[in-house]
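Trainee: Shown below is the structure under consideration.
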Amino acid sequence: MRCASVYFLGRLVEGPMAEDTQEPLAGAGALREALRALLPPTKEELALELGENVERSVVQLLQEAAELFCGGRRSECLQASEAILDYSWERLNTGPWRDVHKDWRRVYAFGCLLKAVCLCEEPGDTTAVAAALKVCDMGLLMGAAILGDILIKVSAILQAHLRSGKRPGPGPAQEPPSMKKARYDPVSVPDMTSERTVPRLHCPSLEHFRKYFLVPGRPVILEGVADQWPCMKRWSLEYIQEIAGCRTVPVEVGSRYTDEEWSQTLMTVNEFISRHISSEPKDVGYLAQHQLFDQIPELRQDISIPDYCCLGDGAEEEITINAWFGPQGTVSPLHQDPQQNFLVQVMGRKYIRLYSPQESEALYPHETHLLHNTSQVDVENPDLDKFPRFAEAPSLSCILSPGEILFIPLQYWHYVRALDLSFSVSFWWS
């Protein structure tokens, strides 16, 4: 949780979507039948139970939209879903994101569901299905779970049809980037011989980890724990494009989230790779702190929750799993999180510097509430005239490589810079 603004998706700017050739989609009838089979057959079963935070007029609009859908009046239902989305979008963007009531997020998800399914009725081409998948992703990003996480199921069906090989292949100008085409620039690799390094252990027992690292709050790198996960062999740019390329995700644009010009935007994973990894970008792009594995369960199957998380107080479903995917040079400024963290490196290497919570005063946290958990110091280029005590703060460092897991205790300050094209997975647990 690098800063509160990273969680706030309500004012994301949607980037331009790549053009798609409008071509009839094979099996369009089967697609419609698969989607219909997912949805409740009656308007009563399709209804949402909403509290008094949602106006009666909006509840009535939802009921009318469900009736139009169940009655087969898809064109009118599409118009009704657009009205639902317009109204709920305003509510999602009024005030701080944390103050948005969950019922309004459910209303937004309901509008996304109806719109996505209606888009797939006619004409049944790749453009319509891609648009429907983007609508589902917006519902997953901005909405809340409804009808048994139905948006995840609808997204899986739409994605399967787009990946079925029936869509047009890319032309020469749109050739997907491969690992060998990923942009690599000279990068500064710290001399670790001059720094105190994080200790390493090979597959420690649960009790050993608990006694010597979890309880005293000491960082450690765990080796031999994750190197057999499927992601360690499967994940590459090609694989990520195949599994997630058509999915819409939030991307941070800017060197670091503390910069004034930093922003977030929406684009597909394919667009992110094309703009920020395989070509020379105008700005740094980072798919950071995103719960990609909730959005795309197929990727979730390639990772595992470390067994050491069972030493925490929370249930497994309370563990937050985030993706961190970007080119070399991405930076997370020095910050601290309120939970225990296992950072698993899958692709590339990252340089990481850690400071004990006891050194907080020497790290000069921002005074604003939004950035109170973030240091003002540029770790690798500190202004010691402005922040003199920083030079005296002891630290630990490491270069985290694929297959390794770094345990970052709660409230431990950490700075992260990608040395290569990088994909990391973090597990936040209590």
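Quick note on naming: the chains in the structure tokens go A, B, ... in the order shown, residues restart at 1 in each chain, and ligands are numbered from 1 in order of appearance.
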Show which residues sit within 9 Å of Ala144 of chain A, as a list of chain:residue names. Count only C-alpha atoms, and ignore same-chain residues fewer than 5 positions away.

Mentor: A:Lys102, A:Asp103, A:Trp104, A:Arg105, A:Arg106, A:Val107, A:Tyr108, A:Ala109, A:Gly139, A:Asp149

Trainee: Identify, on the basis of only C-alpha atoms, every residue whose closest approach to Ala83 of chain A does not exceed 9 Å; exclude the query and any residue fewer than 5 positions from it along the same chain; express the result as a compact mmCIF listing (two decimals) with all heavy atoms, in the first residue's frame.

Mentor:
```
# COMPACT_ATOMS: atom_id res chain seq x y z
N LEU A 61 -35.09 1.82 -11.85
CA LEU A 61 -34.41 1.71 -13.14
C LEU A 61 -33.75 0.34 -13.30
O LEU A 61 -33.79 -0.27 -14.38
CB LEU A 61 -33.38 2.82 -13.28
CG LEU A 61 -32.54 2.85 -14.57
CD1 LEU A 61 -33.44 2.97 -15.79
CD2 LEU A 61 -31.52 3.98 -14.53
N LEU A 78 -30.02 -2.22 -23.40
CA LEU A 78 -28.72 -1.60 -23.57
C LEU A 78 -28.79 -0.12 -23.21
O LEU A 78 -27.91 0.42 -22.53
CB LEU A 78 -28.23 -1.79 -25.00
CG LEU A 78 -26.83 -1.24 -25.33
CD1 LEU A 78 -25.76 -1.88 -24.45
CD2 LEU A 78 -26.50 -1.46 -26.81
N SER A 88 -24.47 5.91 -11.90
CA SER A 88 -23.61 5.34 -10.85
C SER A 88 -22.17 5.84 -10.99
O SER A 88 -21.46 5.99 -9.99
CB SER A 88 -23.65 3.81 -10.89
OG SER A 88 -23.29 3.31 -12.17
N GLY A 111 -24.90 -2.59 -14.02
CA GLY A 111 -24.98 -1.93 -15.32
C GLY A 111 -23.97 -2.50 -16.31
O GLY A 111 -24.27 -2.70 -17.49
```

Trainee: Quick one: contact table of segment 164-269 of chain A to segment 312-333 of chain A, 12 Å max, nearest atom pair and distance in Å to one decimal per residue, counting only C-alpha atoms, chain and number order, as CSV?

Mentor:
```
residue,atom,partner,partner_atom,distance
A:Met179,CA,A:Pro327,CA,11.6
A:Ala182,CA,A:Pro327,CA,8.5
A:Arg183,CA,A:Pro327,CA,8.0
A:Tyr184,CA,A:Gln328,CA,7.5
A:Asp185,CA,A:Gln328,CA,8.0
A:Pro186,CA,A:Gln328,CA,9.5
A:Val187,CA,A:Gly329,CA,7.5
A:Ser188,CA,A:Gly329,CA,9.2
A:Val189,CA,A:Gly329,CA,10.8
A:Leu206,CA,A:Gly312,CA,11.4
A:Arg210,CA,A:Gly312,CA,9.7
A:Leu214,CA,A:Gly312,CA,9.4
A:Val215,CA,A:Gly312,CA,10.6
A:Trp235,CA,A:Phe325,CA,11.5
A:Ser236,CA,A:Phe325,CA,11.2
A:Leu237,CA,A:Phe325,CA,10.5
A:Ile240,CA,A:Phe325,CA,10.3
A:Val249,CA,A:Ala323,CA,10.9
A:Pro250,CA,A:Ala323,CA,11.2
A:Val251,CA,A:Gly326,CA,9.5
A:Glu252,CA,A:Gly326,CA,9.9
A:Val253,CA,A:Thr330,CA,10.2
A:Gly254,CA,A:Thr330,CA,9.1
A:Ser255,CA,A:Thr330,CA,6.8
A:Arg256,CA,A:Val331,CA,5.9
A:Tyr257,CA,A:Ser332,CA,7.6
A:Thr258,CA,A:Pro333,CA,7.6
A:Asp259,CA,A:Pro333,CA,10.2
A:Val269,CA,A:Phe325,CA,10.1
```

Trainee: Next, the residues of the selection above should be written as a compact mmCIF listing (two decimals), in the first residue's frame with N, CA, C and O atoms.

Mentor:
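What follows is the written file out09.txt:
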```
# COMPACT_ATOMS: atom_id res chain seq x y z
N MET A 179 9.96 -11.45 -25.81
CA MET A 179 10.96 -11.15 -24.79
C MET A 179 12.23 -10.57 -25.43
O MET A 179 12.82 -9.64 -24.92
N ALA A 182 11.86 -6.90 -26.08
CA ALA A 182 11.67 -5.98 -24.96
C ALA A 182 12.85 -5.01 -24.93
O ALA A 182 13.99 -5.38 -25.17
N ARG A 183 12.55 -3.76 -24.64
CA ARG A 183 13.57 -2.72 -24.65
C ARG A 183 14.48 -2.87 -23.43
O ARG A 183 14.02 -2.94 -22.30
N TYR A 184 15.77 -2.92 -23.66
CA TYR A 184 16.74 -3.00 -22.57
C TYR A 184 17.74 -1.85 -22.70
O TYR A 184 18.40 -1.71 -23.72
N ASP A 185 17.82 -1.03 -21.69
CA ASP A 185 18.75 0.09 -21.67
C ASP A 185 19.78 -0.15 -20.57
O ASP A 185 19.54 -0.90 -19.63
N PRO A 186 20.95 0.48 -20.68
CA PRO A 186 21.92 0.35 -19.59
C PRO A 186 21.30 0.83 -18.28
O PRO A 186 20.62 1.84 -18.23
N VAL A 187 21.52 0.08 -17.22
CA VAL A 187 20.92 0.41 -15.94
C VAL A 187 21.98 0.32 -14.85
O VAL A 187 22.90 -0.50 -14.92
N SER A 188 21.86 1.18 -13.87
CA SER A 188 22.82 1.21 -12.77
C SER A 188 22.50 0.09 -11.78
O SER A 188 21.40 0.04 -11.23
N VAL A 189 23.46 -0.82 -11.60
CA VAL A 189 23.31 -1.92 -10.64
C VAL A 189 24.17 -1.60 -9.42
O VAL A 189 25.38 -1.44 -9.53
N LEU A 206 8.38 -23.63 9.41
CA LEU A 206 7.45 -22.60 9.86
C LEU A 206 7.86 -22.05 11.23
O LEU A 206 7.82 -20.85 11.47
N ARG A 210 8.95 -18.27 12.11
CA ARG A 210 8.14 -17.54 13.08
C ARG A 210 9.01 -17.00 14.21
O ARG A 210 8.89 -15.81 14.58
N LEU A 214 9.52 -13.61 11.89
CA LEU A 214 8.18 -13.03 11.99
C LEU A 214 7.98 -12.29 13.31
O LEU A 214 7.61 -11.11 13.33
N VAL A 215 8.23 -12.96 14.42
CA VAL A 215 8.00 -12.36 15.74
C VAL A 215 8.91 -11.15 15.97
O VAL A 215 8.43 -10.08 16.37
N TRP A 235 5.83 -17.75 -17.31
CA TRP A 235 5.60 -16.35 -17.57
C TRP A 235 6.68 -15.73 -18.44
O TRP A 235 7.87 -15.81 -18.16
N SER A 236 6.24 -15.09 -19.49
CA SER A 236 7.06 -14.31 -20.41
C SER A 236 6.13 -13.26 -21.00
O SER A 236 4.92 -13.27 -20.74
N LEU A 237 6.66 -12.34 -21.79
CA LEU A 237 5.78 -11.37 -22.43
C LEU A 237 4.74 -12.07 -23.29
O LEU A 237 3.56 -11.70 -23.30
N ILE A 240 2.04 -13.68 -21.03
CA ILE A 240 1.18 -12.67 -20.41
C ILE A 240 0.23 -12.08 -21.44
O ILE A 240 -0.95 -11.84 -21.17
N VAL A 249 -6.57 -2.78 -17.73
CA VAL A 249 -5.95 -2.67 -16.40
C VAL A 249 -5.57 -1.22 -16.13
O VAL A 249 -5.41 -0.42 -17.05
N PRO A 250 -5.42 -0.85 -14.84
CA PRO A 250 -4.93 0.49 -14.50
C PRO A 250 -3.41 0.54 -14.57
O PRO A 250 -2.72 -0.35 -14.06
N VAL A 251 -2.88 1.57 -15.20
CA VAL A 251 -1.44 1.73 -15.36
C VAL A 251 -1.03 3.08 -14.78
O VAL A 251 -1.65 4.10 -15.07
N GLU A 252 0.00 3.05 -13.95
CA GLU A 252 0.57 4.29 -13.43
C GLU A 252 1.51 4.89 -14.47
O GLU A 252 2.32 4.18 -15.06
N VAL A 253 1.38 6.17 -14.71
CA VAL A 253 2.22 6.86 -15.68
C VAL A 253 3.00 7.95 -14.94
O VAL A 253 2.41 8.84 -14.33
N GLY A 254 4.31 7.87 -15.00
CA GLY A 254 5.16 8.81 -14.28
C GLY A 254 6.28 8.06 -13.58
O GLY A 254 6.18 6.86 -13.34
N SER A 255 7.34 8.78 -13.26
CA SER A 255 8.52 8.14 -12.67
C SER A 255 8.22 7.50 -11.32
O SER A 255 8.65 6.39 -11.02
N ARG A 256 7.45 8.20 -10.47
CA ARG A 256 7.11 7.68 -9.16
C ARG A 256 5.87 8.40 -8.65
O ARG A 256 5.60 9.54 -9.03
N TYR A 257 5.12 7.75 -7.78
CA TYR A 257 3.81 8.28 -7.41
C TYR A 257 3.87 9.56 -6.58
O TYR A 257 2.85 10.21 -6.37
N THR A 258 5.06 9.94 -6.12
CA THR A 258 5.20 11.19 -5.38
C THR A 258 5.38 12.39 -6.30
O THR A 258 5.33 13.53 -5.82
N ASP A 259 5.59 12.17 -7.59
CA ASP A 259 5.79 13.27 -8.52
C ASP A 259 4.47 13.94 -8.87
O ASP A 259 3.43 13.26 -8.96
N VAL A 269 -3.52 -4.77 -21.53
CA VAL A 269 -2.17 -5.25 -21.26
C VAL A 269 -1.33 -5.21 -22.54
O VAL A 269 -0.14 -4.87 -22.51
```

Trainee: Could you name the residues that touch Leu38 of chain A at 10 Å or less, counting only C-alpha atoms, but leaving out those on the same chain fewer than 5 positions away, as a PyMOL selection string?

Mentor: chain A and resi 33+147+150-151+153-154+157

Trainee: Using DSSP on the backbone coordinates, identify all residues within segment 163-316 of chain A classified as strand (DSSP E); present the result as a ChimeraX atom specification.

Mentor: /A:200-202,220-223,248-253,263-268,285-290

Trainee: So how far away is atom CA of Glu49 of chain A from atom CA of Ala145 of chain A, in Å?

Mentor: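 Result for atom CA of Ala145 of chain A versus atom CA of Glu49 of chain A: 12.5 Å, one decimal.
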
Trainee: Could you tell me which of A:Ser360, A:Lys282, A:Glu367, A:Cys120 comes closest to Ala30 of chain A if we count only C-alpha atoms?

Mentor: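 Looking only at the distances to Ala30 of chain A, the closest residue turns out to be A:Cys120.
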
Trainee: Restricting the calculation to only C-alpha atoms, which member of A:Phe272, A:Asn53, A:Leu62, A:Thr127 is positioned closest to Val100 of chain A?

Mentor: A:Asn53

Trainee: Compile the contact shell of Val425 of chain A as JSON, numbers by chain: residues with an atom at most 12 Å away, counting only C-alpha atoms, same-chain residues fewer than 4 positions apart removed.

Mentor: {"A": [226, 231, 232, 287, 288, 289, 290, 291, 292, 293, 299, 300, 302, 303, 304, 305, 306, 320, 321, 322, 323, 324, 325, 341, 342, 343, 344, 345, 346, 347, 402, 403, 404, 405, 406]}

Trainee: Would you save the residues of that selection, restricted to N, CA and C atoms, as a JSON list (two decimals), in the first residue's frame?

Mentor:
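The resulting file, again30.json, is shown below:
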```json
[["chain", "number", "residue", "atom", "x", "y", "z"],
["A", 226, "ALA", "N", 9.56, -20.78, -3.80],
["A", 226, "ALA", "CA", 8.68, -20.45, -4.92],
["A", 226, "ALA", "C", 9.25, -20.85, -6.28],
["A", 231, "CYS", "N", 4.45, -20.26, -12.55],
["A", 231, "CYS", "CA", 4.77, -18.96, -13.14],
["A", 231, "CYS", "C", 6.25, -18.81, -13.45],
["A", 232, "MET", "N", 7.09, -19.49, -12.68],
["A", 232, "MET", "CA", 8.54, -19.33, -12.86],
["A", 232, "MET", "C", 9.01, -19.85, -14.21],
["A", 287, "LEU", "N", 2.35, -1.20, -14.25],
["A", 287, "LEU", "CA", 1.13, -1.88, -13.79],
["A", 287, "LEU", "C", 1.43, -2.29, -12.35],
["A", 288, "ALA", "N", 1.04, -1.44, -11.41],
["A", 288, "ALA", "CA", 1.51, -1.58, -10.03],
["A", 288, "ALA", "C", 0.36, -1.70, -9.05],
["A", 289, "GLN", "N", 0.58, -2.51, -8.03],
["A", 289, "GLN", "CA", -0.36, -2.67, -6.92],
["A", 289, "GLN", "C", -1.77, -2.94, -7.42],
["A", 290, "HIS", "N", -1.88, -3.86, -8.36],
["A", 290, "HIS", "CA", -3.18, -4.20, -8.94],
["A", 290, "HIS", "C", -3.52, -5.65, -8.65],
["A", 291, "GLN", "N", -4.76, -5.89, -8.24],
["A", 291, "GLN", "CA", -5.21, -7.25, -7.93],
["A", 291, "GLN", "C", -5.59, -7.98, -9.23],
["A", 292, "LEU", "N", -4.58, -8.19, -10.06],
["A", 292, "LEU", "CA", -4.75, -8.79, -11.37],
["A", 292, "LEU", "C", -5.27, -10.23, -11.28],
["A", 293, "PHE", "N", -4.92, -10.90, -10.20],
["A", 293, "PHE", "CA", -5.25, -12.32, -10.10],
["A", 293, "PHE", "C", -6.71, -12.55, -9.71],
["A", 299, "LEU", "N", -4.38, -16.61, -14.35],
["A", 299, "LEU", "CA", -3.05, -16.29, -13.87],
["A", 299, "LEU", "C", -2.86, -16.71, -12.41],
["A", 300, "ARG", "N", -3.94, -16.67, -11.66],
["A", 300, "ARG", "CA", -3.89, -17.06, -10.24],
["A", 300, "ARG", "C", -3.46, -18.51, -10.08],
["A", 302, "ASP", "N", -1.19, -19.98, -11.55],
["A", 302, "ASP", "CA", 0.25, -20.13, -11.73],
["A", 302, "ASP", "C", 1.05, -19.78, -10.48],
["A", 303, "ILE", "N", 0.38, -19.30, -9.44],
["A", 303, "ILE", "CA", 1.08, -18.92, -8.21],
["A", 303, "ILE", "C", 0.45, -19.65, -7.02],
["A", 304, "SER", "N", 1.12, -19.59, -5.89],
["A", 304, "SER", "CA", 0.61, -20.20, -4.66],
["A", 304, "SER", "C", 0.78, -19.22, -3.50],
["A", 305, "ILE", "N", -0.06, -19.34, -2.51],
["A", 305, "ILE", "CA", 0.12, -18.54, -1.30],
["A", 305, "ILE", "C", 1.20, -19.22, -0.45],
["A", 306, "PRO", "N", 2.26, -18.49, -0.10],
["A", 306, "PRO", "CA", 3.33, -19.11, 0.72],
["A", 306, "PRO", "C", 2.77, -19.71, 2.01],
["A", 320, "THR", "N", -4.20, -10.20, 0.51],
["A", 320, "THR", "CA", -4.28, -9.39, -0.69],
["A", 320, "THR", "C", -3.09, -9.72, -1.59],
["A", 321, "ILE", "N", -3.40, -10.13, -2.83],
["A", 321, "ILE", "CA", -2.36, -10.51, -3.79],
["A", 321, "ILE", "C", -2.32, -9.46, -4.89],
["A", 322, "ASN", "N", -1.18, -8.81, -5.05],
["A", 322, "ASN", "CA", -1.03, -7.75, -6.05],
["A", 322, "ASN", "C", 0.02, -8.10, -7.08],
["A", 323, "ALA", "N", -0.19, -7.58, -8.30],
["A", 323, "ALA", "CA", 0.78, -7.71, -9.39],
["A", 323, "ALA", "C", 1.55, -6.42, -9.53],
["A", 324, "TRP", "N", 2.84, -6.55, -9.87],
["A", 324, "TRP", "CA", 3.74, -5.42, -10.11],
["A", 324, "TRP", "C", 4.52, -5.75, -11.38],
["A", 325, "PHE", "N", 4.11, -5.17, -12.50],
["A", 325, "PHE", "CA", 4.64, -5.53, -13.81],
["A", 325, "PHE", "C", 5.08, -4.26, -14.54],
["A", 341, "ASN", "N", 4.40, -8.62, 4.45],
["A", 341, "ASN", "CA", 4.47, -8.68, 3.00],
["A", 341, "ASN", "C", 5.49, -9.73, 2.56],
["A", 342, "PHE", "N", 5.05, -10.63, 1.70],
["A", 342, "PHE", "CA", 5.96, -11.50, 0.97],
["A", 342, "PHE", "C", 6.02, -10.99, -0.46],
["A", 343, "LEU", "N", 7.19, -10.56, -0.90],
["A", 343, "LEU", "CA", 7.36, -10.08, -2.27],
["A", 343, "LEU", "C", 8.09, -11.17, -3.06],
["A", 344, "VAL", "N", 7.38, -11.73, -4.03],
["A", 344, "VAL", "CA", 7.91, -12.84, -4.82],
["A", 344, "VAL", "C", 8.35, -12.32, -6.19],
["A", 345, "GLN", "N", 9.60, -12.56, -6.55],
["A", 345, "GLN", "CA", 10.10, -12.12, -7.85],
["A", 345, "GLN", "C", 9.93, -13.24, -8.87],
["A", 346, "VAL", "N", 9.25, -12.92, -9.98],
["A", 346, "VAL", "CA", 8.98, -13.92, -11.02],
["A", 346, "VAL", "C", 9.83, -13.68, -12.25],
["A", 347, "MET", "N", 9.87, -12.45, -12.73],
["A", 347, "MET", "CA", 10.66, -12.09, -13.92],
["A", 347, "MET", "C", 11.59, -10.94, -13.57],
["A", 402, "PRO", "N", 14.57, -13.92, -9.76],
["A", 402, "PRO", "CA", 13.43, -14.83, -9.95],
["A", 402, "PRO", "C", 13.50, -16.06, -9.05],
["A", 403, "GLY", "N", 12.38, -16.41, -8.47],
["A", 403, "GLY", "CA", 12.29, -17.57, -7.58],
["A", 403, "GLY", "C", 12.52, -17.24, -6.13],
["A", 404, "GLU", "N", 12.91, -16.01, -5.82],
["A", 404, "GLU", "CA", 13.20, -15.62, -4.43],
["A", 404, "GLU", "C", 12.03, -14.85, -3.83],
["A", 405, "ILE", "N", 11.86, -14.99, -2.52],
["A", 405, "ILE", "CA", 10.80, -14.31, -1.79],
["A", 405, "ILE", "C", 11.43, -13.45, -0.70],
["A", 406, "LEU", "N", 11.10, -12.17, -0.71],
["A", 406, "LEU", "CA", 11.57, -11.27, 0.34],
["A", 406, "LEU", "C", 10.45, -11.06, 1.35]]
```

Trainee: From a DSSP pass on the backbone, collect the residues of segment 77-268 of chain A flagged as helix (DSSP H, G or I) and hand them back as a ChimeraX atom specification.

Mentor: /A:77-92,97-99,102-119,126-142,150-162,172-174,179-181,192-194,206-214,230-234,237-244

Trainee: Using the selection just defined, write its residues with C-alpha atoms as an mmCIF file, in the first residue's frame.

Mentor:
```cif
data_model
loop_
_atom_site.group_PDB
_atom_site.id
_atom_site.type_symbol
_atom_site.label_atom_id
_atom_site.label_comp_id
_atom_site.auth_asym_id
_atom_site.auth_seq_id
_atom_site.Cartn_x
_atom_site.Cartn_y
_atom_site.Cartn_z
ATOM 1 C CA CYS A 77 -31.993 -2.914 -22.133
ATOM 2 C CA LEU A 78 -28.718 -1.598 -23.567
ATOM 3 C CA GLN A 79 -30.038 1.958 -23.308
ATOM 4 C CA ALA A 80 -31.187 1.336 -19.739
ATOM 5 C CA SER A 81 -27.788 -0.097 -18.795
ATOM 6 C CA GLU A 82 -26.089 3.010 -20.179
ATOM 7 C CA ALA A 83 -28.333 5.167 -17.971
ATOM 8 C CA ILE A 84 -27.431 3.033 -14.951
ATOM 9 C CA LEU A 85 -23.729 3.387 -15.710
ATOM 10 C CA ASP A 86 -23.913 7.145 -16.244
ATOM 11 C CA TYR A 87 -25.699 7.722 -12.949
ATOM 12 C CA SER A 88 -23.608 5.340 -10.854
ATOM 13 C CA TRP A 89 -20.366 6.645 -12.415
ATOM 14 C CA GLU A 90 -21.189 10.083 -11.075
ATOM 15 C CA ARG A 91 -21.664 8.601 -7.618
ATOM 16 C CA LEU A 92 -18.352 6.726 -7.826
ATOM 17 C CA TRP A 97 -13.106 6.785 -3.059
ATOM 18 C CA ARG A 98 -13.122 5.347 0.462
ATOM 19 C CA ASP A 99 -16.446 7.091 1.096
ATOM 20 C CA LYS A 102 -20.485 -0.452 -1.715
ATOM 21 C CA ASP A 103 -24.075 -0.518 -2.965
ATOM 22 C CA TRP A 104 -23.207 2.095 -5.598
ATOM 23 C CA ARG A 105 -20.333 -0.081 -6.743
ATOM 24 C CA ARG A 106 -22.779 -2.975 -7.023
ATOM 25 C CA VAL A 107 -25.142 -0.819 -9.075
ATOM 26 C CA TYR A 108 -22.255 0.028 -11.402
ATOM 27 C CA ALA A 109 -21.321 -3.663 -11.715
ATOM 28 C CA PHE A 110 -24.950 -4.510 -12.537
ATOM 29 C CA GLY A 111 -24.982 -1.929 -15.322
ATOM 30 C CA CYS A 112 -21.713 -3.363 -16.681
ATOM 31 C CA LEU A 113 -23.146 -6.876 -16.638
ATOM 32 C CA LEU A 114 -26.264 -5.976 -18.624
ATOM 33 C CA LYS A 115 -24.347 -3.832 -21.101
ATOM 34 C CA ALA A 116 -21.713 -6.515 -21.722
ATOM 35 C CA VAL A 117 -24.258 -9.247 -22.399
ATOM 36 C CA CYS A 118 -26.387 -6.978 -24.597
ATOM 37 C CA LEU A 119 -23.335 -5.993 -26.658
ATOM 38 C CA THR A 126 -14.841 -9.334 -32.487
ATOM 39 C CA THR A 127 -15.270 -5.615 -31.928
ATOM 40 C CA ALA A 128 -18.479 -6.159 -29.969
ATOM 41 C CA VAL A 129 -16.956 -8.933 -27.847
ATOM 42 C CA ALA A 130 -13.803 -6.886 -27.150
ATOM 43 C CA ALA A 131 -15.986 -3.938 -26.125
ATOM 44 C CA ALA A 132 -18.043 -6.208 -23.874
ATOM 45 C CA LEU A 133 -14.875 -7.544 -22.226
ATOM 46 C CA LYS A 134 -13.677 -3.996 -21.561
ATOM 47 C CA VAL A 135 -17.051 -3.213 -19.940
ATOM 48 C CA CYS A 136 -16.663 -6.291 -17.710
ATOM 49 C CA ASP A 137 -13.172 -5.185 -16.711
ATOM 50 C CA MET A 138 -14.508 -1.757 -15.781
ATOM 51 C CA GLY A 139 -17.098 -3.500 -13.607
ATOM 52 C CA LEU A 140 -14.381 -5.566 -11.947
ATOM 53 C CA LEU A 141 -12.142 -2.533 -11.399
ATOM 54 C CA MET A 142 -14.765 -0.068 -10.213
ATOM 55 C CA ILE A 150 -20.699 -13.234 -12.280
ATOM 56 C CA LEU A 151 -18.539 -10.612 -13.995
ATOM 57 C CA ILE A 152 -15.478 -12.824 -13.562
ATOM 58 C CA LYS A 153 -17.364 -15.716 -15.188
ATOM 59 C CA VAL A 154 -18.649 -13.572 -18.045
ATOM 60 C CA SER A 155 -15.142 -12.180 -18.616
ATOM 61 C CA ALA A 156 -13.717 -15.700 -18.828
ATOM 62 C CA ILE A 157 -16.234 -16.674 -21.512
ATOM 63 C CA LEU A 158 -15.626 -13.513 -23.547
ATOM 64 C CA GLN A 159 -11.860 -13.877 -23.282
ATOM 65 C CA ALA A 160 -12.026 -17.538 -24.351
ATOM 66 C CA HIS A 161 -13.886 -16.506 -27.514
ATOM 67 C CA LEU A 162 -11.389 -13.754 -28.281
ATOM 68 C CA PRO A 172 3.190 -6.604 -39.518
ATOM 69 C CA ALA A 173 2.712 -3.263 -37.757
ATOM 70 C CA GLN A 174 0.941 -4.864 -34.815
ATOM 71 C CA MET A 179 10.964 -11.153 -24.792
ATOM 72 C CA LYS A 180 13.845 -10.612 -27.217
ATOM 73 C CA LYS A 181 12.133 -7.429 -28.435
ATOM 74 C CA MET A 192 26.275 -4.793 -3.003
ATOM 75 C CA THR A 193 29.718 -5.321 -1.461
ATOM 76 C CA SER A 194 29.446 -1.903 0.180
ATOM 77 C CA LEU A 206 7.448 -22.602 9.861
ATOM 78 C CA GLU A 207 8.615 -22.513 13.465
ATOM 79 C CA HIS A 208 12.103 -21.270 12.567
ATOM 80 C CA PHE A 209 10.664 -18.486 10.416
ATOM 81 C CA ARG A 210 8.139 -17.541 13.082
ATOM 82 C CA LYS A 211 10.667 -17.455 15.933
ATOM 83 C CA TYR A 212 13.600 -15.720 14.267
ATOM 84 C CA PHE A 213 11.944 -13.451 11.656
ATOM 85 C CA LEU A 214 8.184 -13.028 11.991
ATOM 86 C CA PRO A 230 4.306 -22.705 -12.585
ATOM 87 C CA CYS A 231 4.766 -18.956 -13.142
ATOM 88 C CA MET A 232 8.536 -19.327 -12.856
ATOM 89 C CA LYS A 233 8.672 -21.338 -16.079
ATOM 90 C CA ARG A 234 5.577 -20.102 -17.904
ATOM 91 C CA LEU A 237 5.779 -11.373 -22.428
ATOM 92 C CA GLU A 238 4.229 -13.810 -24.899
ATOM 93 C CA TYR A 239 2.458 -15.778 -22.175
ATOM 94 C CA ILE A 240 1.178 -12.671 -20.414
ATOM 95 C CA GLN A 241 -0.145 -11.351 -23.726
ATOM 96 C CA GLU A 242 -1.810 -14.662 -24.494
ATOM 97 C CA ILE A 243 -3.535 -14.896 -21.108
ATOM 98 C CA ALA A 244 -4.161 -11.226 -20.309
#
```

Trainee: Counting only C-alpha atoms, figure out which residue out of A:Arg417, A:Arg275, A:Arg56, A:Arg353 gets nearest to Ala393 of chain A.

Mentor: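 Counting only C-alpha atoms, the residue closest to Ala393 of chain A is A:Arg353.
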
Trainee: To one decimal place in Å, what is the distance between atom CA of Asp191 of chain A and atom CA of Asp227 of chain A?

Mentor: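 Separation of atom CA of Asp191 of chain A and atom CA of Asp227 of chain A: 25.3 Å.
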
Trainee: Hey, what's within 6 Å of Gln411 of chain A if we count only C-alpha atoms and toss same-chain stuff fewer than 3 positions away? As a list in words, please?

Mentor: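 Skipping anything fewer than 3 positions along the chain leaves Gln336, Asp337, Pro338 and Pro357 of chain A.
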
Trainee: Would you write out those residues with N, CA, C and O atoms, as a PDB file, in the first residue's frame?

Mentor:
```pdb
ATOM      1  N   GLN A 336       6.260   2.532   3.739  1.00  0.00           N
ATOM      2  CA  GLN A 336       5.972   1.410   4.634  1.00  0.00           C
ATOM      3  C   GLN A 336       4.512   1.001   4.491  1.00  0.00           C
ATOM      4  O   GLN A 336       3.656   1.795   4.076  1.00  0.00           O
ATOM      5  N   ASP A 337       4.224  -0.267   4.808  1.00  0.00           N
ATOM      6  CA  ASP A 337       2.875  -0.824   4.693  1.00  0.00           C
ATOM      7  C   ASP A 337       2.396  -1.320   6.051  1.00  0.00           C
ATOM      8  O   ASP A 337       3.208  -1.718   6.900  1.00  0.00           O
ATOM      9  N   PRO A 338       1.067  -1.351   6.258  1.00  0.00           N
ATOM     10  CA  PRO A 338       0.528  -1.754   7.560  1.00  0.00           C
ATOM     11  C   PRO A 338       0.328  -3.261   7.710  1.00  0.00           C
ATOM     12  O   PRO A 338      -0.301  -3.700   8.662  1.00  0.00           O
ATOM     13  N   PRO A 357      11.407   0.287  11.191  1.00  0.00           N
ATOM     14  CA  PRO A 357      10.453   1.318  11.635  1.00  0.00           C
ATOM     15  C   PRO A 357      11.054   2.242  12.702  1.00  0.00           C
ATOM     16  O   PRO A 357      10.622   3.395  12.835  1.00  0.00           O
TER      17      PRO A 357
END
```

Trainee: Atom CA of Tyr286 of chain A and atom CA of Tyr412 of chain A are how many Å apart?

Mentor: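 Atom CA of Tyr412 of chain A lies at a distance of 22.7 Å from atom CA of Tyr286 of chain A.
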